[in-house]
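Visitor: After the structure tokens below, expect a handful of questions from me.
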Amino acid sequence: MAQKDLPSHARVVIVGGGVMGVGLAYHLGHEGWGADTVLLEKAELTSGSTWHAAGQITHSTSSFSLGKCVDYNIDLYSGALERETGQPVTWHGCGSFRLAYTDDEMDWLRHTLAVGRSLGFNIELVDPAFVATKHPFYNLEGVKGALYTPDDGHVDPTNVTMSMAAGARAKGVQIFRHTRATKITQAHNGEWIVETERGTITCEHVVNAGGTYARQMGEWSGLQLPMTSMTHHYFVTEPVPEFANLDRELPVIRDDKKVSGYIRMEQQRGLIGIYEKENPNSVWHDECPWEYENWLFDADYDRVMPWLEESLNRMPIFAELGITREVHGAISHPPDGNPLVGPAPGVRNYWCCCGTQIGIGWGPGLTRELARWMVHGSADISMRDYDPRRFGDYATKDWQVIKAREDYCLRHEIPFPHFNRLAGRPVKPSPLYETLNSKGAVHEEVYGHERPRWFARNGVAQEDHYGFGRTPVHDMVALECKAVREAAGIMDISAFTKVEVTGPDAEKLLDYLCANRLPQKTGGIALTHMLNRAGRIELECTVVKLADARYYLVCAAFFEQRLLDHIAAHQHSHNITTINRSNDWCALSLNGPRSRDIMAACTDAPLDNASFRWLSAQKITLAGHPVWAFRMSYAGELGWELHMERAATLPVYEALSAAGDAHGLTDYGSFTMNALRMEKGFKGAGELTNEVTLAEADVLRFARTDKDYLGKEKTLNSDAMPWVCAYLEIEPDGAHDGHGGEAVLLDDTVVGSTASVAYGHTVGKILAFAYLKPAAAQPGTNLSVLIAGLTRTARVLAEPIYDPMSTLPRTDAQPRAAE
């Protein structure tokens, strides 16, 4: 039957008919936009990467946000979708095990267990004997334990996609197969023009769900969407005699160490999937051929042989069988392995729904959140890790390939906390990079910038030290914290986003975007939050009034493009100029009771309280260079942030370092910055997400009721709060401190989960922010937190545990000895 003609207009056009594109169409239908949505597929649905997926899905994830998606997906696959559409999905609810051979792997499983418990998963840590009762054929030699997730399984990728397509059509979505898009451009009025082989559609929103074609499709619109196609093998054996008389399907085995992949039943056959840990294969660096449909590559046995041989050792019943099917297909890998789901950078109403290496496992949940974002203005889970704007123009094609290959090799490695991906570095080193390296700095990359994490001292190796428990880095951070609290510390904070907004209408625009009152006087500083139209937090930033009609905004590095886009989306005046100074300007943070003495040696500017008040900014000359000095402190001490032209950074740093020698000045990094802000009870990016309103984040004190601002009505008049951010102290055990996402319990009932966790070296407690049911978040409430497999006692605090009245940053502080 011939397809009907393309409509000339639609609210949404989705380009790409794999599990991601169809999943978004399905969920837009459920959010009320079905009748206004069109999906285009160049061939048949699923003919790109979806059809050759192995189709497994597991609750075994340490990511809180992905965990929410996975749980939704399993419910969808295991019955909800088929009940809705009447279309079979072929769900195999066989459960799964993730094996551990080392103590580090066991710690990983314990942390995953804690995250799973916070999400209400059916999940438990079991011994090898239990695994053998469920899977008698697996060689468990060397296995210490396993994570058992009995509700897991696998599903037919094509059936799932076709069922969601049926559900989308039932909600009014129009799906056009054999309709290849050839160009996507934006008209002067902001609408998108999608040209196809069968005509042109004009739409308000366009979605790139192009799979392995997504990057080249982005180039049609002048966009750089970082992802690289990597090829992955799985193999299907001849029929396995031992499977013939089984009365149940064996659980999927995930063996990250030995197999670097997974092993499961495929009806009466065996299926072995491998992610080789060296020499990975990337393809189509410039363009995926348009004629490739249902495309597979020849198997490369040499590349995967070490892991394939080990899989036969682990499943001896496969050893004498032949391989009857080789599946070697391409899958998109972004530089960090996380999908690109959300707004494209620098444009309006162009949405990414691509770069997903695990489409069946993650796709429906993520597309549900994208649909909510498009329709309502915000997703219901934190999208920070998936927002396409987390990459900048530094993500060149060559760099993308380097990072995608790195990510592929890490696919089945232990995801240690703060894992530092080193390939393709440095990208954007600050002027202090080499100097700080020579002083022991271990750097991390944030939005391309190199930022010091910590400094190696006292014989500790200048390298990353990994573990779920404490490592030698713990003691290095303790030294840095002590220096800041008792003398002074200096940190390179050049990675911060730094944006200047000027012009006659700058105040009017920023007043509308900021929930707090803007600084009224020149030199004033205000901490504020910008909200989306759903009344949830878009980002937190510091606003400094440099002069009349001239404002300087500072926020976390990864929000750079997000901030620029947020300003541009609401800028309806030509009398505003936005200047991104993030690369051209650098910044230092100087904190501690001796910071005034150190600065005074480098400037003639008066620095006493009367001359330079708390939360004020002045342009001063420091070490002979003009510097904007902001009297503020993320550490909660007497301190300044110093912002300057790039060329001034090294001489200013060297002058302060020389002056600080007599005062105990110490370099510190982001790990110490985080520990200090937790002691002060300052919320950060882990707490201030698009999931929450100002009330839920417990930051309403930074919002004004006597002014209008974007999202005000929604954030002040939201429904009964499902959760609220609480500040906890947790008893330490001297070995494990937690990493975020852990279950929080009240009388053995899960009432929430941690968002940020850090050890407070000054106070000798583990400190955490946690989102809890409101009744459990009352100050003084005794709770417990699941850390490293054991519960710890915890208590909700009413105020910051360190300097609760914030007197130290405001006064003429003097050096303090440790208590």
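As shown in the structure tokens, the chain order sets the letters A, B, ...; within each chain, residues go from 1, and ligands are also counted from 1 in the order they appear.
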Counting only C-alpha atoms, what is within 10 Å of Arg384 of chain A, bar same-chain residues fewer than 6 positions away, as a list in words?

Guide: Ser65, Val341, Gly342, Arg390, Phe558, Phe559, Ala685, Gly686, Thr689 and Asn690 of chain A

Visitor: Write out as a PyMOL selection string the residues lying within 10 Å of segment 114-122 of chain A, counting only C-alpha atoms and excluding same-chain residues fewer than 2 positions away.

Guide: chain A and resi 59-65+67-68+71+108-112+124+148-152+738-745+749-754+785-791

Visitor: I want to know what sits within 7 Å of Gly199 of chain A, based on only C-alpha atoms, with residues of the same chain fewer than 3 positions away left out; could you give that as a list in words?

Guide: Leu6, Glu195 and Thr196 of chain A

Visitor: If I take atom CA of Leu40 of chain A and atom CA of Trp91 of chain A, how far is one from the other in Å, to one decimal?

Guide: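 If I compute the distance from atom CA of Leu40 of chain A to atom CA of Trp91 of chain A, I get 27.1 Å.
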
Visitor: Please list as a PyMOL selection string every residue within 9 Å of segment 271-286 of chain A, counting only C-alpha atoms and excluding residues in the same chain fewer than 5 positions away.

Guide: chain A and resi 54+212+215-216+228-237+259-266+303-308+311+330+397-398+401+404-406+408-413

Visitor: Selection from above, N, CA and C atoms, as a compact mmCIF listing (two decimals), in the first residue's frame, can you write it?

Guide:
# COMPACT_ATOMS: atom_id res chain seq x y z
N ALA A 54 21.94 -7.00 20.85
CA ALA A 54 21.71 -8.25 21.58
C ALA A 54 20.49 -8.16 22.49
N THR A 212 23.92 6.04 13.63
CA THR A 212 25.27 6.18 13.08
C THR A 212 25.35 7.28 12.03
N ARG A 215 25.88 12.23 13.34
CA ARG A 215 26.89 13.27 13.29
C ARG A 215 26.87 14.01 11.95
N GLN A 216 26.79 13.24 10.85
CA GLN A 216 26.78 13.91 9.55
C GLN A 216 25.48 14.67 9.32
N THR A 228 31.30 8.72 17.56
CA THR A 228 32.05 7.90 16.60
C THR A 228 31.44 6.51 16.57
N SER A 229 31.38 5.92 15.41
CA SER A 229 30.84 4.56 15.28
C SER A 229 31.93 3.55 15.61
N MET A 230 31.66 2.72 16.62
CA MET A 230 32.56 1.64 17.03
C MET A 230 31.87 0.31 16.72
N THR A 231 32.66 -0.70 16.34
CA THR A 231 32.05 -1.99 16.00
C THR A 231 32.19 -2.97 17.16
N HIS A 232 31.14 -3.75 17.37
CA HIS A 232 31.04 -4.68 18.50
C HIS A 232 30.59 -6.04 17.98
N HIS A 233 31.19 -7.11 18.55
CA HIS A 233 30.86 -8.47 18.16
C HIS A 233 29.97 -9.17 19.18
N TYR A 234 29.05 -9.98 18.66
CA TYR A 234 28.57 -11.10 19.46
C TYR A 234 28.42 -12.31 18.55
N PHE A 235 28.49 -13.49 19.18
CA PHE A 235 28.52 -14.74 18.44
C PHE A 235 27.44 -15.67 18.97
N VAL A 236 26.83 -16.43 18.07
CA VAL A 236 25.82 -17.42 18.44
C VAL A 236 26.35 -18.80 18.07
N THR A 237 26.29 -19.72 19.04
CA THR A 237 26.85 -21.05 18.85
C THR A 237 25.83 -22.00 18.20
N VAL A 259 35.68 -12.14 30.49
CA VAL A 259 35.08 -12.17 29.15
C VAL A 259 35.00 -10.78 28.53
N SER A 260 34.99 -9.74 29.39
CA SER A 260 34.77 -8.37 28.95
C SER A 260 33.48 -8.29 28.14
N GLY A 261 32.46 -8.90 28.70
CA GLY A 261 31.19 -8.91 27.99
C GLY A 261 30.16 -9.75 28.70
N TYR A 262 29.35 -10.47 27.93
CA TYR A 262 28.18 -11.16 28.47
C TYR A 262 28.01 -12.50 27.78
N ILE A 263 27.36 -13.42 28.48
CA ILE A 263 27.04 -14.74 27.95
C ILE A 263 25.61 -15.07 28.37
N ARG A 264 24.82 -15.55 27.41
CA ARG A 264 23.45 -15.93 27.73
C ARG A 264 22.96 -16.99 26.75
N MET A 265 21.76 -17.48 27.03
CA MET A 265 21.09 -18.38 26.11
C MET A 265 20.43 -17.58 24.99
N GLU A 266 20.44 -18.14 23.81
CA GLU A 266 19.68 -17.63 22.68
C GLU A 266 18.85 -18.80 22.19
N ARG A 303 41.00 -9.89 16.63
CA ARG A 303 40.85 -8.78 17.57
C ARG A 303 40.21 -9.22 18.88
N VAL A 304 39.29 -10.16 18.81
CA VAL A 304 38.54 -10.54 20.01
C VAL A 304 38.96 -11.89 20.58
N MET A 305 39.93 -12.55 19.96
CA MET A 305 40.23 -13.93 20.32
C MET A 305 40.58 -14.15 21.80
N PRO A 306 41.40 -13.28 22.44
CA PRO A 306 41.70 -13.56 23.86
C PRO A 306 40.46 -13.67 24.73
N TRP A 307 39.46 -12.84 24.48
CA TRP A 307 38.25 -12.85 25.30
C TRP A 307 37.30 -13.95 24.84
N LEU A 308 37.29 -14.25 23.57
CA LEU A 308 36.47 -15.34 23.07
C LEU A 308 36.97 -16.68 23.63
N SER A 311 35.91 -16.94 27.16
CA SER A 311 34.48 -17.22 27.30
C SER A 311 34.22 -18.72 27.20
N ALA A 330 27.98 -1.78 13.88
CA ALA A 330 28.45 -0.48 14.36
C ALA A 330 27.45 0.12 15.34
N LYS A 397 36.72 16.17 15.34
CA LYS A 397 36.52 14.80 14.87
C LYS A 397 37.64 13.88 15.32
N ASP A 398 38.88 14.34 15.19
CA ASP A 398 40.01 13.49 15.60
C ASP A 398 39.93 13.18 17.08
N VAL A 401 37.27 10.51 17.92
CA VAL A 401 37.69 9.14 17.66
C VAL A 401 38.57 8.63 18.81
N ALA A 404 36.26 8.01 21.80
CA ALA A 404 35.33 6.89 21.61
C ALA A 404 36.07 5.56 21.74
N ARG A 405 37.28 5.49 21.21
CA ARG A 405 38.08 4.26 21.36
C ARG A 405 38.41 4.02 22.83
N GLU A 406 38.74 5.08 23.54
CA GLU A 406 39.00 4.96 24.97
C GLU A 406 37.75 4.44 25.70
N TYR A 408 35.22 2.74 24.55
CA TYR A 408 34.92 1.35 24.21
C TYR A 408 35.75 0.40 25.06
N CYS A 409 37.03 0.71 25.21
CA CYS A 409 37.91 -0.17 26.01
C CYS A 409 37.55 -0.16 27.49
N LEU A 410 36.86 0.89 27.93
CA LEU A 410 36.47 0.99 29.34
C LEU A 410 35.09 0.41 29.61
N ARG A 411 34.43 -0.07 28.55
CA ARG A 411 33.04 -0.49 28.67
C ARG A 411 32.84 -1.55 29.75
N HIS A 412 33.79 -2.44 29.92
CA HIS A 412 33.68 -3.48 30.93
C HIS A 412 34.82 -3.42 31.94
N GLU A 413 35.29 -2.21 32.22
CA GLU A 413 36.22 -1.99 33.32
C GLU A 413 35.43 -1.48 34.53

Visitor: Given only C-alpha atoms as the basis, pick out the residue of A:Val22, A:Ala635, A:Met217, A:Ala487 nearest to Glu287 of chain A.

Guide: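 Counting only C-alpha atoms, the residue closest to Glu287 of chain A is A:Met217.
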
Visitor: Using only C-alpha atoms, determine which residues lie at most 12 Å from Leu140 of chain A, disregarding the query and same-chain residues fewer than 5 positions distant; provide the list as a list of chain:residue names.

Guide: A:Phe97, A:Arg98, A:Leu99, A:Ala100, A:Tyr101, A:Asp127, A:Pro128, A:Ala129, A:Phe130, A:Val131, A:Ala132, A:Thr133, A:His135, A:Gly145, A:Ala146, A:Ile253, A:Asp255, A:Lys258, A:Ser311, A:Asn313, A:Arg314, A:Met315, A:Pro316

Visitor: Quick one: pick out all strand (DSSP E) residues within segment 542-581 of chain A from a backbone DSSP run and write them as a list of chain:residue names.

Guide: A:Thr542, A:Val543, A:Val544, A:Lys545, A:Leu546, A:Ala547, A:Arg550, A:Tyr551, A:Tyr552, A:Leu553, A:Val554, A:Cys555, A:Thr577, A:Thr578, A:Ile579, A:Asn580

Visitor: Those same residues - N, CA and C atoms - I'd like them written as a CSV table (one decimal), in the first residue's frame.

Guide:
chain,number,residue,atom,x,y,z
A,542,THR,N,26.8,33.0,39.9
A,542,THR,CA,27.2,34.2,40.6
A,542,THR,C,27.1,35.4,39.6
A,543,VAL,N,26.4,36.4,40.0
A,543,VAL,CA,26.2,37.6,39.2
A,543,VAL,C,27.0,38.8,39.8
A,544,VAL,N,27.9,39.4,39.1
A,544,VAL,CA,28.7,40.5,39.6
A,544,VAL,C,28.3,41.8,38.7
A,545,LYS,N,28.0,42.9,39.3
A,545,LYS,CA,27.8,44.1,38.6
A,545,LYS,C,29.1,44.8,38.5
A,546,LEU,N,29.7,44.8,37.3
A,546,LEU,CA,31.0,45.4,37.1
A,546,LEU,C,30.8,46.9,36.9
A,547,ALA,N,29.7,47.3,36.3
A,547,ALA,CA,29.4,48.8,36.0
A,547,ALA,C,27.9,48.9,35.6
A,550,ARG,N,26.5,46.5,32.9
A,550,ARG,CA,27.6,45.5,32.6
A,550,ARG,C,27.6,44.5,33.8
A,551,TYR,N,27.3,43.2,33.4
A,551,TYR,CA,27.2,42.2,34.4
A,551,TYR,C,28.1,41.0,34.0
A,552,TYR,N,28.7,40.4,35.0
A,552,TYR,CA,29.6,39.3,34.8
A,552,TYR,C,29.0,38.1,35.5
A,553,LEU,N,28.9,37.0,34.8
A,553,LEU,CA,28.2,35.8,35.3
A,553,LEU,C,29.2,34.6,35.4
A,554,VAL,N,29.2,33.9,36.5
A,554,VAL,CA,30.2,32.8,36.7
A,554,VAL,C,29.4,31.6,37.2
A,555,CYS,N,29.6,30.5,36.5
A,555,CYS,CA,29.0,29.2,36.9
A,555,CYS,C,29.9,28.1,36.6
A,577,THR,N,24.5,42.6,24.6
A,577,THR,CA,25.7,41.9,24.0
A,577,THR,C,26.2,40.9,25.0
A,578,THR,N,26.3,39.7,24.6
A,578,THR,CA,26.8,38.6,25.4
A,578,THR,C,28.2,38.2,24.9
A,579,ILE,N,29.2,38.3,25.9
A,579,ILE,CA,30.6,37.9,25.6
A,579,ILE,C,31.0,36.7,26.4
A,580,ASN,N,31.4,35.7,25.7
A,580,ASN,CA,31.9,34.5,26.4
A,580,ASN,C,33.4,34.7,26.7

Visitor: Pick out the closest residue to Leu436 of chain A from this set: A:Thr666, A:Asn516, A:Asn575, A:Gln56. Count only C-alpha atoms.

Guide: A:Thr666

Visitor: Using only C-alpha atoms, which of the listed residues (A:Tyr72, A:Tyr709, A:Tyr634, A:Trp33) sits closest to Leu527 of chain A?

Guide: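 Among A:Tyr72, A:Tyr709, A:Tyr634, A:Trp33, it is A:Tyr634 that comes nearest to Leu527 of chain A.
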
Visitor: What's the 7 Å shell around segment 172-185 of chain A, counting only C-alpha atoms, without same-chain residues fewer than 5 positions away, as a PyMOL selection string?

Guide: chain A and resi 25+29+34-44+192-198+220-221

Visitor: Closest to Met673 of chain A among A:Gly636, A:Gly448, A:Gly780, A:Pro7, using only C-alpha atoms?

Guide: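 Comparing A:Gly636, A:Gly448, A:Gly780, A:Pro7 against Met673 of chain A, the winner is A:Gly636.
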
Visitor: Rounded to one decimal in Å, what is the spacing between atom CA of Pro519 of chain A and atom CA of Leu615 of chain A?

Guide: 9.9 Å

Visitor: Pick out the residues sitting within 9 Å of Ala209 of chain A, and hand them over as JSON, numbers by chain; count only C-alpha atoms, and ignore anything fewer than 2 positions along from it in its own chain.

Guide: {"A": [14, 15, 16, 17, 18, 20, 21, 22, 24, 207, 211, 213, 214, 351, 352, 353, 354, 355]}

Visitor: Please report, as CSV, each residue of segment 492-528 of chain A lying at most 12 Å from segment 638-655 of chain A, together with the nearest pair of atoms and the separation in Å rounded to one decimal; use only C-alpha atoms, and order rows by chain and ascending residue number.

Guide:
residue,atom,partner,partner_atom,distance
A:Asp492,CA,A:Tyr653,CA,8.9
A:Ile493,CA,A:Glu641,CA,8.7
A:Ser494,CA,A:His643,CA,8.4
A:Ala495,CA,A:His643,CA,11.5
A:Phe496,CA,A:His643,CA,10.3
A:Thr497,CA,A:His643,CA,11.5
A:Lys498,CA,A:His643,CA,9.2
A:Val499,CA,A:His643,CA,11.8
A:Ile525,CA,A:Glu641,CA,11.8

Visitor: Which is closest to Met164 of chain A among A:Asn583, A:Ser47, A:Thr367, A:Asn294, if we use only C-alpha atoms?

Guide: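 That would be A:Thr367, the residue with the smallest distance to Met164 of chain A.
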
Visitor: Which residue is closest to Gly167 of chain A? Choose from A:Gly142, A:Gly86, A:Pro431, A:Gly48 and count only C-alpha atoms.

Guide: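 Of A:Gly142, A:Gly86, A:Pro431, A:Gly48, the one nearest Gly167 of chain A, counting only C-alpha atoms, is A:Gly86.
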